[in-house]
Amino acid sequence: MSTDVDSEGEFETSSGGFDTDSLTGVGLEWTHRTESLFHAVLFGASVLGVVVLAVLIVDVILDALTGLAIGLDPVTFLTQHYSNDSSQAGFLGAIVGSVLLLFFTFLFSFFLGVGTAVYLEEYAPNTRVTRLIEANLTNLAGVPSVVYGLLALGVFVNGLRMGPILLAGSIALALLVVPIVIVASQEALRSVPDGMRNGSLATGATRWQTVRGVVLPSAMPGIVTGTILALARAIGETAPLLMVGTVWGLRHTPGPFDRFGAMTTQIYQWAFLPETELNFLAAMGIAVLLAILLGMYGVAFLVRNKYERSY
Amino acid sequence: MSTDTSPDPGITAEVADADRRRNRRVRRLLFGCTSITVLTTIAIFAVLFDNAFQFFTDERFHQWLIGMAADLTLYFPEQRVGLLEFFTDTEWRPSHADDPRFGIIPLAAGTLLVTIGAAFVSIPIGTATALYLSEYATPGTRKYLKPTLEVLAGIPTIVYGFFALTFITPVIVGPLGALFGISVGRFSALSGSIVVGIMTIPMVASISEDAMSSVPDELRNGAYALGASKYRVSLSVVLPASISGVMASYILAVSRAIGETMAVLLAAGYSANLTGNPFDEIMTMTAYMVDATRSTMTVGSVEFQSLFAVGLALFCMTLTANLVNDYVKRRYREVYR
Amino acid sequence: MAQTDSLITTDVSVTDRERTSRPDETVVRADGLEVHYGEERALTDVDIDIPERKVTAIIGPSGCGKSTFLRCVNRMNDQIDTCRIDGDLSFHGKNVYDDDVDPVALRRKIGMVFQKPNPFPKSIRDNVAYGLRVQGKTDDVDARVRQALEGAALWEEVEGQLDSSGLDLSGGQQQRLCIARAIAPDPEVLLMDEPTSALDPVAAAKIEDLIADLAREYTVIIVTHNMQQAARISDKTAVFLTGGELVEFDDTATIFEDPDDQRVEDYITGRFG
């Protein structure tokens, strides 16, 4: 007990001589200033992204509006084909080309991507080969898009003598986005709790019955969202299509076996040439492209919020 | 109830035979899908190599093999462009009528210049954004900042190219050049660097932030308990603890910058100058490939096949970056297990 | 097994089924059953004869291998890559780990209810009908669904809302839905892995009442960490202790009143585990 008294006595002494200033942060001014500065710098860097986005959008809109102001007609733009006379030039063929490309890209990439994801998540044994396949996927996702264009050029356009047709372009885009569809689908499949798989297997369902009856329906919103985002990537791609070979100035509505162009390649042509009037056309094209993209993101967002369930 | 005769309580394979067979069929089909992804990789490399071979010689690689097999002789195909020329010549002018030259150095230097410049933009800003999101931002700020970054990442590259052409070059790079007394043309390496840097900010920010967010709070609390201020915790605890993930994001951003095509073409241009001056127009490897498609080329000509030679070089560069990234990521996973 | 014909001639219950075996006959038998997960041993030399149409409870402290044993019976352990099984585990005298046994076929005879209710994100009707469809028993689905829901004492509560999602039910209802799902295809054995541990006491009591009824039709093997529950609802009780050892297996009354093994007595009276 005597030690207790001792320590209590000591405590009182030290409390008496305690310098309360040391708790008020006197002498820490420099630290605080650095702290505020650091915070401000980080905040500024983060906001830069927002600023760039705003400037970019304003830049495009201003150029598009200038185009309208100097007499480019939006109705002509949306309903006519390409023309060398910029006041008569339209975007119709490019829009149709992009939509068709999108459709075939979806057709080629969706089943391939979802099938691969289902195999990897639901069937594949955990072996070295499986891990190699997964590593290969991350690698494929990192291959520059222009290289996919070369692949399509070498194999489909020249190798199989398809020629530079829309279908070849959509194959290039499909191969490009398949890794994205796969990864998104894998994530969606992983988010389905194992309890559901077990519940199904325990009723005597085969692996496939389980996947079709329980796992895929639950994962579908995530898969759909991921696929839409992948297609949004596809519709914004330019380089692979140029490698496949697009029409410089699209004066027709392309079909799947025709020579083709897309919104992006037409924008490239208008932006690339030095006449400022063409730049306004490019800006109007970009406005259409961004509007379509916005629509796709909107749908993806709605699907995610409406149907996605957390378990 | 042990019996000598083999009992059959109806649990053998025959019972669900049809379902089992369907399951096996589906499994094979799905495996087929999966093997297409592997096939794609093989096809990319094979096509690039086979065609690039015809750039250096007068035959495709497979034609050479078939030729040798048919005649049962060993021969070397005739050389068109020397490997030495390809890697050491300092000029790239494939369509020059009298004296075409095929030195990849100006293209590689252009790519390097843009990539390094872009890293100077994306790495500091991306890292700062990641730190802000992970350590400082309130949930309310995050709610707006993260989608904005996602939108930035989702804007097509051609739009960034247009942005470079109509804003970055005339409004930022032009006046900056004037400051040094340099008149900047429609294209400049600096514009390319800035625009590619901006495009890769979201990538650096989101991957780095993932790594930073996975740093356990115990580490932060340990530093706070020692009286460290927030910026010290951020810089001396969070950043080092997440360094492998952060590094991985840098490598990915560099890989993306190397492969970036449209924005670079519209920002940095298409003349293959070997220069270190950021205000000069240059040509990157990707820009060459896309720009070349504007001219008519014959399949099999040196000029046409040069697309694949440059493509192969590009593929090898990004592949290396991706493999390094894989390696770094695997180490990073080990740290937190 | 004649179980596909004339199942639902009445809407009262499934009593007209013919079984090849007599009551008190062994349905599931383990003989020297050992299970390893990688290097770790989960079950040690288990011998047990589980009788037909009785409730057999398996109790023991956490990590004693109760669930492992249960998941061996319908080969749900196949899902775990590192799992290795030695010894015999037979269903009506047929070793379920024989090469010619298909886990899919086995699980059509042996239903299972899990610890956490796991209804599918489908309507109540589709949840119950799921097993029927999977097993190709697509005739009279509605009648079978109703019968299963009655069997799971859920019919009256969900009669008017068969098309609403199974996930909208309460936890206890979800678990009874899972029981209905398990019994709808009319298995012989019903495995229950701590089916009440995620539920509140009132919901748990309903399930307990239900289990007693189920034993008239099915052989029920239930894993529980709740000794009172085992005492209330089971006919036979098996006590596993740490190390995956089956220490004692006997009539429930004997286990709880006069166990042979001192360790079991210690465990029952709370001096162990």
# chains A, B, ... in the order shown; residues from 1 in each chain; ligands from 1
call {"tool": "interface_residues", "arguments": {"of": "chain A", "to": "chain C", "cutoff": "6 Å", "atoms": "only C-alpha atoms", "output": "number ranges by chain"}}
result
A: 195-196, 202-206
call {"tool": "interface_residues", "arguments": {"of": "chain A", "to": "chain B", "cutoff": "7 Å", "atoms": "only C-alpha atoms", "output": "ChimeraX atom specification"}}
result
/A:35,38,42-43,45-46,49-50,53,56,112,115-116,119,133,136,139-140,142-144,147,151,154,206-208,236-239,242-243,264,268,271-272,286
call {"tool": "closest_atom_pairs", "arguments": {"of": "chain B", "to": "chain C", "cutoff": "6 Å", "atoms": "only C-alpha atoms", "output": "tab-separated table"}}
result
residue	atom	partner	partner_atom	distance
B:Pro7	CA	C:Lys94	CA	5.8
B:Pro9	CA	C:His92	CA	6.0
B:Ile11	CA	C:Leu106	CA	4.7
B:Thr12	CA	C:Val101	CA	4.1
B:Ala13	CA	C:Asp102	CA	4.6
B:Val15	CA	C:Ala105	CA	6.0
B:Ala16	CA	C:Ala105	CA	5.7
call {"tool": "write_last_selection", "arguments": {"atoms": "N, CA and C atoms", "output": "short mmCIF file (atom, residue, chain, number, x, y, z; two decimals), in the first residue's frame"}}
result
data_model
loop_
_atom_site.label_atom_id
_atom_site.label_comp_id
_atom_site.auth_asym_id
_atom_site.auth_seq_id
_atom_site.Cartn_x
_atom_site.Cartn_y
_atom_site.Cartn_z
N PRO B 7 -25.43 -53.23 -53.50
CA PRO B 7 -26.70 -52.50 -53.35
C PRO B 7 -26.78 -51.36 -54.36
N PRO B 9 -28.89 -47.99 -54.32
CA PRO B 9 -29.91 -47.05 -53.82
C PRO B 9 -30.20 -45.93 -54.80
N ILE B 11 -28.03 -43.94 -56.67
CA ILE B 11 -27.18 -42.75 -56.59
C ILE B 11 -26.03 -42.84 -57.57
N THR B 12 -26.08 -43.84 -58.48
CA THR B 12 -24.97 -43.95 -59.42
C THR B 12 -25.17 -42.99 -60.58
N ALA B 13 -24.12 -42.90 -61.37
CA ALA B 13 -24.06 -41.87 -62.40
C ALA B 13 -25.20 -41.93 -63.41
N VAL B 15 -28.23 -42.24 -63.11
CA VAL B 15 -29.49 -41.61 -62.72
C VAL B 15 -29.66 -40.24 -63.36
N ALA B 16 -28.62 -39.43 -63.27
CA ALA B 16 -28.74 -38.06 -63.80
C ALA B 16 -27.95 -37.92 -65.09
#
call {"tool": "closest_residue", "arguments": {"among": "C:Thr237, C:Arg263, C:Gly151, C:Gln175", "to": "Ala198 (chain C)", "atoms": "only C-alpha atoms"}}
result
C:Gln175
call {"tool": "select_by_dssp", "arguments": {"residues": "region 48-187 of chain C", "states": "helix (DSSP H, G or I)", "output": "NGL selection string"}}
result
:C and (66-73 or 76-79 or 103-109 or 124-134 or 141-151 or 155-161 or 166-168 or 171-183)
call {"tool": "atom_distance", "arguments": {"atom1": "CA of Leu216 (chain A)", "atom2": "CA of Asn305 (chain A)"}}
result
17.9 Å
call {"tool": "atom_distance", "arguments": {"atom1": "CA of Tyr267 (chain C)", "atom2": "CA of Pro61 (chain C)"}}
result
8.5 Å
call {"tool": "closest_residue", "arguments": {"among": "A:Ala184, A:Leu189, A:Leu23, A:Val244", "to": "Gly163 (chain A)", "atoms": "only C-alpha atoms"}}
result
A:Val244
call {"tool": "residues_around", "arguments": {"residues": "Pro216 (chain B)", "least_positions_apart": "3", "cutoff": "10 Å", "atoms": "only C-alpha atoms", "output": "MDAnalysis selection string"}}
result
chainID B and resid 212:213 219:221 238 241 336
call {"tool": "residues_around", "arguments": {"residues": "Pro221 (chain A)", "least_positions_apart": "4", "cutoff": "10 Å", "atoms": "only C-alpha atoms", "output": "VMD selection string"}}
result
chain A and resid 185 188 216 to 217 225 to 227 300 302 to 309
call {"tool": "write_last_selection", "arguments": {"atoms": "N, CA and C atoms", "output": "PDB file, in the first residue's frame"}}
result
ATOM      1  N   SER A 185     -17.606  -9.486 -65.897  1.00  0.00           N
ATOM      2  CA  SER A 185     -18.478 -10.625 -65.618  1.00  0.00           C
ATOM      3  C   SER A 185     -17.937 -11.458 -64.467  1.00  0.00           C
ATOM      4  N   ALA A 188     -18.931  -9.829 -61.332  1.00  0.00           N
ATOM      5  CA  ALA A 188     -20.352 -10.030 -61.061  1.00  0.00           C
ATOM      6  C   ALA A 188     -20.606 -11.448 -60.551  1.00  0.00           C
ATOM      7  N   LEU A 216     -26.160 -17.218 -62.901  1.00  0.00           N
ATOM      8  CA  LEU A 216     -26.229 -16.217 -63.977  1.00  0.00           C
ATOM      9  C   LEU A 216     -27.347 -15.196 -63.778  1.00  0.00           C
ATOM     10  N   PRO A 217     -28.575 -15.642 -63.403  1.00  0.00           N
ATOM     11  CA  PRO A 217     -29.608 -14.620 -63.173  1.00  0.00           C
ATOM     12  C   PRO A 217     -29.205 -13.604 -62.105  1.00  0.00           C
ATOM     13  N   THR A 225     -24.165  -4.344 -66.917  1.00  0.00           N
ATOM     14  CA  THR A 225     -23.496  -3.066 -66.677  1.00  0.00           C
ATOM     15  C   THR A 225     -22.089  -3.081 -67.255  1.00  0.00           C
ATOM     16  N   GLY A 226     -21.345  -4.131 -66.951  1.00  0.00           N
ATOM     17  CA  GLY A 226     -19.969  -4.227 -67.435  1.00  0.00           C
ATOM     18  C   GLY A 226     -19.903  -4.263 -68.951  1.00  0.00           C
ATOM     19  N   THR A 227     -20.854  -4.964 -69.558  1.00  0.00           N
ATOM     20  CA  THR A 227     -20.854  -5.058 -71.018  1.00  0.00           C
ATOM     21  C   THR A 227     -21.141  -3.706 -71.655  1.00  0.00           C
ATOM     22  N   ALA A 300     -26.275   2.100 -68.086  1.00  0.00           N
ATOM     23  CA  ALA A 300     -25.468   1.253 -67.201  1.00  0.00           C
ATOM     24  C   ALA A 300     -25.725   1.614 -65.746  1.00  0.00           C
ATOM     25  N   LEU A 302     -28.392   3.052 -64.490  1.00  0.00           N
ATOM     26  CA  LEU A 302     -29.737   2.644 -64.088  1.00  0.00           C
ATOM     27  C   LEU A 302     -29.793   1.148 -63.786  1.00  0.00           C
ATOM     28  N   VAL A 303     -29.192   0.348 -64.670  1.00  0.00           N
ATOM     29  CA  VAL A 303     -29.200  -1.097 -64.460  1.00  0.00           C
ATOM     30  C   VAL A 303     -28.544  -1.431 -63.123  1.00  0.00           C
ATOM     31  N   ARG A 304     -27.397  -0.754 -62.879  1.00  0.00           N
ATOM     32  CA  ARG A 304     -26.665  -1.043 -61.646  1.00  0.00           C
ATOM     33  C   ARG A 304     -27.526  -0.715 -60.425  1.00  0.00           C
ATOM     34  N   ASN A 305     -28.170   0.453 -60.466  1.00  0.00           N
ATOM     35  CA  ASN A 305     -28.933   0.856 -59.285  1.00  0.00           C
ATOM     36  C   ASN A 305     -30.248   0.109 -59.134  1.00  0.00           C
ATOM     37  N   LYS A 306     -30.866  -0.229 -60.258  1.00  0.00           N
ATOM     38  CA  LYS A 306     -32.194  -0.820 -60.158  1.00  0.00           C
ATOM     39  C   LYS A 306     -32.132  -2.297 -59.830  1.00  0.00           C
ATOM     40  N   TYR A 307     -31.220  -3.013 -60.502  1.00  0.00           N
ATOM     41  CA  TYR A 307     -31.282  -4.464 -60.388  1.00  0.00           C
ATOM     42  C   TYR A 307     -30.208  -5.078 -59.503  1.00  0.00           C
ATOM     43  N   GLU A 308     -29.140  -4.316 -59.272  1.00  0.00           N
ATOM     44  CA  GLU A 308     -28.076  -4.963 -58.537  1.00  0.00           C
ATOM     45  C   GLU A 308     -28.440  -5.062 -57.072  1.00  0.00           C
ATOM     46  N   ARG A 309     -28.311  -6.269 -56.527  1.00  0.00           N
ATOM     47  CA  ARG A 309     -28.673  -6.541 -55.156  1.00  0.00           C
ATOM     48  C   ARG A 309     -27.398  -6.856 -54.407  1.00  0.00           C
TER      49      ARG A 309
END
call {"tool": "closest_residue", "arguments": {"among": "A:Gly44, A:Gly67, A:Gly298, A:Pro254", "to": "Asn279 (chain A)", "atoms": "only C-alpha atoms"}}
result
A:Gly67
